[in-house]
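*Asks:* Shown below is the structure under consideration.
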Amino acid sequence: MRLENVQDMYPLSPAQQGMLFHDLMAPGSGVYCVQLAFTVSGQLDVDALRRSWQAVVDRHAALRAAFVSEGLDQPLQIIRQQVTLPWTVLDWCDLPADEAAAKMDALLKQDRLRGFDATDAPLMRITLVRTGDDVWRCVWTHHHLILDGWSVGWVLHDVLACYEALAAETEPTWRAGRPYRDYIAWLQRQDLQAAETFWRQDLAGLTAATPLGLARPEQVGADDGHFHAEASCRLDRDFTARLQSFARQHQVTLSTLTAGALAVCLGRYAGQPEVTFGLTVSGRPAELPGAESMVGMFINTLPLRVPLPDDVPVTRWLQDLQARQGRIAAHSYTPLVSIQQQTVVPAGQPLFESILVFENYPVDESLKRAPAGLRIGEPAGMEQTNYPLAVYAMPGERMTLRVAYDRRRIEPATAARMLGHLRTILEGMLERPDAPLAEVPMLPADERRVIIEGFNDTAMDVPRDVRFHELFEAQARQRGDAVAVVDAERSLTYRQLDERASRVARQLRDLGVGREALVGVCLHRSVDMLAAVLGAAKAGGAYVPMDPGFPRSRLAMMVEDAAPRVILTQRDLAEALPESAATVVCVEDIVSGESAVDAQASADAQASAGEGTADDAAYVIFTSGSTGRPKGVVVEHKALVNVLASMARTPGFTERDRLVAVTTLSFDIAGLELYLPLTVG
């Protein structure tokens, strides 16, 4: 920067400090890049418009600011004497409408991602696109460092007033206005120590930002490098009028009403009795004459801590909230970094992850005063902050709610639902102003129906009076040669597995196992373990999983409590079993046999087990014992079959799928891992 082109230099405002920090931390991200686009129709004098924009830049020092920090104890904004406003004119008149619309979307996105170099003034540019004979699209892009929303309205007012004069070949008459440096000087006179004392008391006990509740874990990268997205809804005139009437009647502002709805919404999402979010305040001090008409960056975003007591009436709570907003606004000159230093929230972690911006800016009013012969359409704005969630409320005849979000953290459908939740909360406050806060509804009728009726509509056809092993036997008859199970050493077809299980069942029947008799299963994970549990079921009994990895004392407790008639194990585990009255049988001695025996064994097992029903016990599983002595829980066949049928339908499991069974047999989910594949083929 040439020293001869420097007009002035002074410190940054509190909001500028934070924005510059995030700009330096995320170069090229487009953070705090503000874009406003609007249509101009009529006989536009393009040269007069360019000169008007340049004249306004020349007039307002804030529009010629650059920001430097390298090598300085504190960053400074440097006001350049002269700058040339970047100005681009494009002609798309000959393009088909759909192609022009696509190119405009691409231009807007690329322009935002382009961002700005904060050290290179001016931090704004204009792109003018001709889309028809007398139709232009004006895109004004600037860094939030130099302007707040209220100033945007004044800049547009000055540009249009200057254009009207230049188009008529007269000298423009400028409105009176104080320079931005007067506000910076006012800031330097404030008692920061007193403000820090207020924030230390107000935020006492705050240890972390309120979790969003609706957010997914941050994902690295995005498909196009652009993370910002938006969703919006426009309230109808009647609802907006009711909100305004409610606010007047109960002596609160629309801003407070919106803040209240957001607080309730965030509290429900996070499941917390108190929330903290950022509240953007105007920052224009009443004691500074002319502050309302100054051009620059005045706003600040402050932490608004909101308790959510269940039993306090809505109107009283809103009035308390308004008083709280007034108290923090009185200290709006405090830099956010100074506020955080008064808390125990660690440096580097945010005080809040969501913000509320109430945009009562005169942008639309400025554009309505278009010069003669021109018509200016409704502006479309886009702004990207460093926060994953920003909620904007724009008053008017039809109030607009807008949710801007980081799509690495929040899904589009979630953002859209949030708009419905905010509207429902506002509606609930209007309908029952004296109701306790806890009774304010949040879910729209259609979403409530889905949750209460749709999610609970779990009725389905399931096999009746069928035991889980009978579902397997049906598959074995249909798909005998298909592979049923594979372990580290062996692979069995449905027919082979059924034959092994039948041998086990015949042996168990010979040992007195009958209907609902308990059979301990202490086996390593293998195809034989599966044959053992199916064999116990074929015999009419219920198995008791005994993990060979359990301590001997735990196995002894299980044997004492369940008192199984037989324990199925294998040779290398038999000696480690606790003493009991149960007959111990090694499966290796059962499953080795000729196929001629298998048909008879299967027939005998099915005949002898035919007396069982779906109400019989399928297995007995012991709890972890984390709250005391482990307890055996009996699971019936019909319960297991019901779960298998449900899981086969949702998420869906077919004969083309394979499932890796990774859990111990002593964990209840093993029933799904083992039997779901076998019962669907």
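Just so we're on the same page: first chain in the structure tokens is A, next is B, and so on; residues restart at 1 for each chain, and ligands are numbered from 1 in the order they show up.
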Can you pull out every residue from stretch 145-344 of chain A that DSSP, working from the backbone, puts in helix (DSSP H, G or I), and format the result as a ChimeraX atom specification?

*Replies:* /A:149-167,181-188,192-202,237-249,254-270,291-293,314-329,336-340

*Asks:* Near A:Gln244, within 12 Å and counting only C-alpha atoms, which residues show up once chain neighbours fewer than 5 positions away are dropped, as a ChimeraX atom specification?

*Replies:* /A:237-239,249-258,395-399,426,430

*Asks:* Excluding same-chain residues fewer than 2 positions from stretch 505-519 of chain A, what lies within 8 Å of it counting only C-alpha atoms, as a PyMOL selection string?

*Replies:* chain A and resi 501-503+521+535-544+562-568+590+601-602+604-605+608-609+611-612+616-619

*Asks:* With only C-alpha atoms as the counted atoms, please give the residues lying no more than 12 Å from stretch 104-107 of chain A, apart from itself and same-chain residues fewer than 3 positions off, as a ChimeraX atom specification.

*Replies:* /A:35,37-38,88,90-92,95,97-101,110-114,127-131,136-139,141,224,226

*Asks:* Could you check which of A:Val462, A:Ala15, A:Val660, A:Leu160 is closest to A:Asn300, using only C-alpha atoms?

*Replies:*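 Using only C-alpha atoms, A:Asn300 sits closest to A:Ala15.
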
*Asks:* Which residues of stretch 311-364 of chain A come within 12 Å of stretch 16-25 of chain A, and for each one, what is the closest pair of atoms and their distance in Å to one decimal, counting only C-alpha atoms, sorted by chain and residue number, as JSON lines?

*Replies:*
{"residue": "A:Tyr333", "atom": "CA", "partner": "A:Gln16", "partner_atom": "CA", "distance": 11.5}
{"residue": "A:Thr334", "atom": "CA", "partner": "A:Gln17", "partner_atom": "CA", "distance": 11.0}
{"residue": "A:Pro335", "atom": "CA", "partner": "A:Gln17", "partner_atom": "CA", "distance": 7.6}
{"residue": "A:Leu336", "atom": "CA", "partner": "A:Gly18", "partner_atom": "CA", "distance": 7.2}
{"residue": "A:Val337", "atom": "CA", "partner": "A:Gly18", "partner_atom": "CA", "distance": 7.7}
{"residue": "A:Ser338", "atom": "CA", "partner": "A:Gly18", "partner_atom": "CA", "distance": 10.8}
{"residue": "A:Ile339", "atom": "CA", "partner": "A:Gly18", "partner_atom": "CA", "distance": 11.9}
{"residue": "A:Gln340", "atom": "CA", "partner": "A:Gly18", "partner_atom": "CA", "distance": 12.0}
{"residue": "A:Gly348", "atom": "CA", "partner": "A:His22", "partner_atom": "CA", "distance": 11.8}
{"residue": "A:Pro350", "atom": "CA", "partner": "A:Gly18", "partner_atom": "CA", "distance": 11.8}

*Asks:* Based on the selection just made, write N, CA and C atoms of those residues as a CSV table (one decimal), in the first residue's frame.

*Replies:*
chain,number,residue,atom,x,y,z
A,333,TYR,N,-20.8,-2.7,22.9
A,333,TYR,CA,-19.5,-2.3,22.4
A,333,TYR,C,-18.3,-3.2,22.9
A,334,THR,N,-18.6,-4.3,23.6
A,334,THR,CA,-17.6,-5.2,24.1
A,334,THR,C,-17.2,-6.1,23.0
A,335,PRO,N,-15.9,-6.2,22.7
A,335,PRO,CA,-15.4,-7.3,21.8
A,335,PRO,C,-15.8,-8.7,22.3
A,336,LEU,N,-16.1,-9.5,21.3
A,336,LEU,CA,-16.5,-10.9,21.7
A,336,LEU,C,-15.3,-11.6,22.4
A,337,VAL,N,-14.1,-11.3,21.9
A,337,VAL,CA,-13.0,-12.0,22.5
A,337,VAL,C,-12.8,-11.6,24.0
A,338,SER,N,-13.2,-10.3,24.3
A,338,SER,CA,-13.1,-9.9,25.7
A,338,SER,C,-14.2,-10.5,26.5
A,339,ILE,N,-15.4,-10.7,25.9
A,339,ILE,CA,-16.5,-11.4,26.6
A,339,ILE,C,-16.1,-12.8,27.0
A,340,GLN,N,-15.5,-13.5,26.0
A,340,GLN,CA,-15.1,-14.9,26.2
A,340,GLN,C,-14.1,-15.0,27.3
A,348,GLY,N,-10.5,-20.8,22.0
A,348,GLY,CA,-10.5,-21.6,20.8
A,348,GLY,C,-11.8,-22.4,20.6
A,350,PRO,N,-16.1,-22.0,20.8
A,350,PRO,CA,-17.0,-20.9,20.7
A,350,PRO,C,-17.9,-20.8,21.9

*Asks:* In Å, with one decimal, what is the gap from atom CA of A:Leu672 to atom CA of A:Tyr494?

*Replies:*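 Atom CA of A:Tyr494 lies at a distance of 17.5 Å from atom CA of A:Leu672.
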
*Asks:* For each of A:Pro289, A:Gly373, A:Pro303, A:Pro273, take the minimum atom-to-atom distance to A:Ala438, counting only C-alpha atoms, then give the residue where this is smallest.

*Replies:* A:Pro273

*Asks:* With only C-alpha atoms as the atoms that count, which of A:Arg500, A:Phe653, A:Phe298, A:Val391 lies nearest to A:Asp589?

*Replies:*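 When distances to A:Asp589 are compared using only C-alpha atoms, the smallest one comes from A:Arg500.
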
*Asks:* Using only C-alpha atoms, which of A:Arg369, A:Arg467, A:Arg495, A:Arg242 sits nearest A:Glu427?

*Replies:*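 Ranked by minimum distance to A:Glu427, first place goes to A:Arg242.
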
*Asks:* Of the residues A:Pro14, A:Ile79, A:Gly290, A:Glu164, which is the one nearest to A:Asp45, using only C-alpha atoms?

*Replies:* A:Glu164

*Asks:* Please indicate the distance in Å from atom CA of A:Leu85 to atom CA of A:Pro122, rounded to one decimal place.

*Replies:*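 It comes out at 6.5 Å.
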
*Asks:* What's the separation between atom CA of A:Arg525 and atom CA of A:Ser626, in Å to one decimal place?

*Replies:*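 These two atoms are separated by 25.0 Å.
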
*Asks:* Using only C-alpha atoms, which residues sit within 10 Å of A:His228 once same-chain residues fewer than 3 positions away are excluded, as a ChimeraX atom specification?

*Replies:* /A:29-31,109,225,382-386,388-389,404-408
